[in-house]
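Have a look at the structure below before the remarks.
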Amino acid sequence: MGEQGHDESVLAASQPVHTAPQKSNIPEAIKISQWQWFTLLLCGRDGWLYTTMIGNGPKQDRLLPYPLNTDEEDGDPVFFKPDTNAFFGMALREQKDDLATTKPTDLLWLDMDAKERHNAPEGEDLKQMPTQELKALVASQYHAFMEKCRVLGLIPFAVVYSGHGLQAYFRVERVLEIEETEAANRALAKRFAEFGADPKVYNAGRILRMPNTYNVKNPERPIKTELWWQA
């Protein structure tokens with residue numbers, strides 16, 4: 001099988017979901033704790049979880065052993081303060097103090113920026129747009145994206161409103177080698193290019209935003225990130 005056919009077969013293996021979201025304007029945020037979020041994404045994996053906070057002060061990188069301490073589950077540990085600009089590594093790391101070496105994963109992802117959306121007004125500065133207006137703009141992108149996913153039978157298991165766009169997560173049937181993950185992510189970004197999928201967000205060492213934290217691209221107008229879809 002050629003490289004393109006192989007990448008397509010990996011995408012086709014994403015777990016199907018047969019329930020489409022309701023086409024209201026702005027989706028209702030789904031409540032999820034930080035503990036539940038990591039469990040949703042990383043269940044069954046082991047390694048070192050990379051987390052980072054980027055804000056006005058110095059960047060704060062941490063590597064946490066995963067699975068996380070189960071004794072903390074009832075207390076719902078908080079890894080990020082709610083008002084932080086927080087990110088986490090999509091793939092677990094092989095060793096403590098080694099950010100570069102990632103482990104194979106069964107996850108694929110998309111990062112779609114609203115400013116790249118095909119029907120965004122020309123010359124629009126999203127950083128200055130009122131929060132609810134921007135959210136409504138991204139919501140229209142979300143509904144169109146989910147409709148295309150439904151048509152393709154390629155439904156994500158989670159979609160996060162990132163504050164200036166969407167981040168979507170897919171799970172495949174087996175753990176992929178790093179090269180397979182990156183090739184499949186490239187194919188995924190190409191397939192959803194019309195929604196502003198960033199072709200550069202393919203690498204296994206990628207970090208994405210935590211739901212229920214804040215996007216502070218405009219420090220004077222922080223925007224809360226939200227989980228909009230969970231299969």
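Convention: chains lettered A, B, ... in structure tokens order; per-chain residue numbering from 1; ligands numbered from 1 as shown.
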TODO: Select from range 128-231 of chain A everything DSSP, run on the backbone, classes as strand (DSSP E or B), then give the selection as JSON, numbers by chain.
DONE: {"A": [158, 159, 160, 161, 165, 166, 167, 168, 169, 170, 171, 172, 173, 174, 175, 176, 197, 207, 208, 209, 214, 215, 223, 224, 226, 227, 228, 229, 230]}
TODO: List every residue of range 17-183 of chain A that DSSP, applied to the backbone, labels as helix (DSSP H, G or I), and write the result as an MDAnalysis selection string.
DONE: chainID A and resid 34:42 70:75 114:116 126:128 131:152 178:183
Task: Interatomic distance (Å, one decimal) between CA of Phe192 in chain A and CA of Asn85 in chain A - done: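 Separation between CA of Phe192 in chain A and CA of Asn85 in chain A: 26.0 Å.
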Open item on the list: Can you tell me which residues surround Phe87 in chain A at a distance of at most 6 Å, considering only C-alpha atoms, apart from same-chain residues fewer than 3 positions away, and format the answer as a PyMOL selection string?
Closed with: chain A and resi 51-52+207-210
Write out as a CSV table (one decimal) with all heavy atoms, in the first residue's frame the residues lying within 8 Å of Gly165 in chain A, counting only C-alpha atoms and excluding same-chain residues fewer than 3 positions away.
```csv
chain,number,residue,atom,x,y,z
A,111,ASP,N,-5.5,21.2,14.9
A,111,ASP,CA,-5.6,22.6,15.5
A,111,ASP,C,-6.1,23.5,14.4
A,111,ASP,O,-5.4,23.7,13.4
A,111,ASP,CB,-4.2,23.0,16.0
A,111,ASP,CG,-4.2,24.3,16.7
A,111,ASP,OD1,-5.3,24.8,17.1
A,111,ASP,OD2,-3.1,24.9,16.9
A,112,MET,N,-7.3,24.0,14.6
A,112,MET,CA,-7.9,24.8,13.6
A,112,MET,C,-8.1,26.2,14.1
A,112,MET,O,-8.9,26.5,15.1
A,112,MET,CB,-9.3,24.2,13.2
A,112,MET,CG,-9.1,22.8,12.6
A,112,MET,SD,-10.7,21.9,12.4
A,112,MET,CE,-10.9,21.4,14.1
A,113,ASP,N,-7.5,27.2,13.5
A,113,ASP,CA,-7.5,28.6,13.9
A,113,ASP,C,-8.6,29.3,13.1
A,113,ASP,O,-8.7,29.3,11.9
A,113,ASP,CB,-6.2,29.2,13.7
A,113,ASP,CG,-6.0,30.5,14.5
A,113,ASP,OD1,-7.0,31.2,14.8
A,113,ASP,OD2,-4.9,30.8,14.8
A,114,ALA,N,-9.5,30.0,13.9
A,114,ALA,CA,-10.6,30.7,13.2
A,114,ALA,C,-10.2,31.7,12.2
A,114,ALA,O,-10.8,32.0,11.3
A,114,ALA,CB,-11.5,31.3,14.3
A,115,LYS,N,-9.0,32.3,12.4
A,115,LYS,CA,-8.5,33.4,11.5
A,115,LYS,C,-8.3,32.8,10.1
A,115,LYS,O,-8.2,33.6,9.1
A,115,LYS,CB,-7.3,34.0,12.0
A,115,LYS,CG,-6.0,33.2,12.0
A,115,LYS,CD,-4.8,34.0,12.5
A,115,LYS,CE,-3.6,33.1,12.5
A,115,LYS,NZ,-2.4,33.8,13.1
A,138,VAL,N,-16.6,31.0,15.9
A,138,VAL,CA,-16.0,29.7,16.0
A,138,VAL,C,-17.0,28.6,16.1
A,138,VAL,O,-16.9,27.5,15.6
A,138,VAL,CB,-15.0,29.6,17.3
A,138,VAL,CG1,-14.4,28.2,17.4
A,138,VAL,CG2,-13.9,30.6,17.1
A,161,TYR,N,-12.9,24.1,22.4
A,161,TYR,CA,-12.9,25.5,21.9
A,161,TYR,C,-11.6,26.2,22.6
A,161,TYR,O,-11.5,26.3,23.8
A,161,TYR,CB,-14.1,26.3,22.4
A,161,TYR,CG,-14.1,27.8,22.3
A,161,TYR,CD1,-13.8,28.4,21.0
A,161,TYR,CD2,-14.3,28.6,23.3
A,161,TYR,CE1,-13.8,29.7,20.9
A,161,TYR,CE2,-14.3,30.0,23.2
A,161,TYR,CZ,-14.1,30.5,22.0
A,161,TYR,OH,-14.0,31.9,21.8
A,162,SER,N,-10.7,26.5,21.7
A,162,SER,CA,-9.4,27.0,22.2
A,162,SER,C,-9.3,28.5,22.5
A,162,SER,O,-8.2,29.0,22.9
A,162,SER,CB,-8.3,26.6,21.2
A,162,SER,OG,-8.5,27.3,19.9
```
Open item on the list: Between A:Thr225, A:Gln230, A:Leu99, A:Asn212, which residue has the minimum interatomic distance to Met146 in chain A, considering only C-alpha atoms?
Closed with: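 Ranked by minimum distance to Met146 in chain A, first place goes to A:Gln230.
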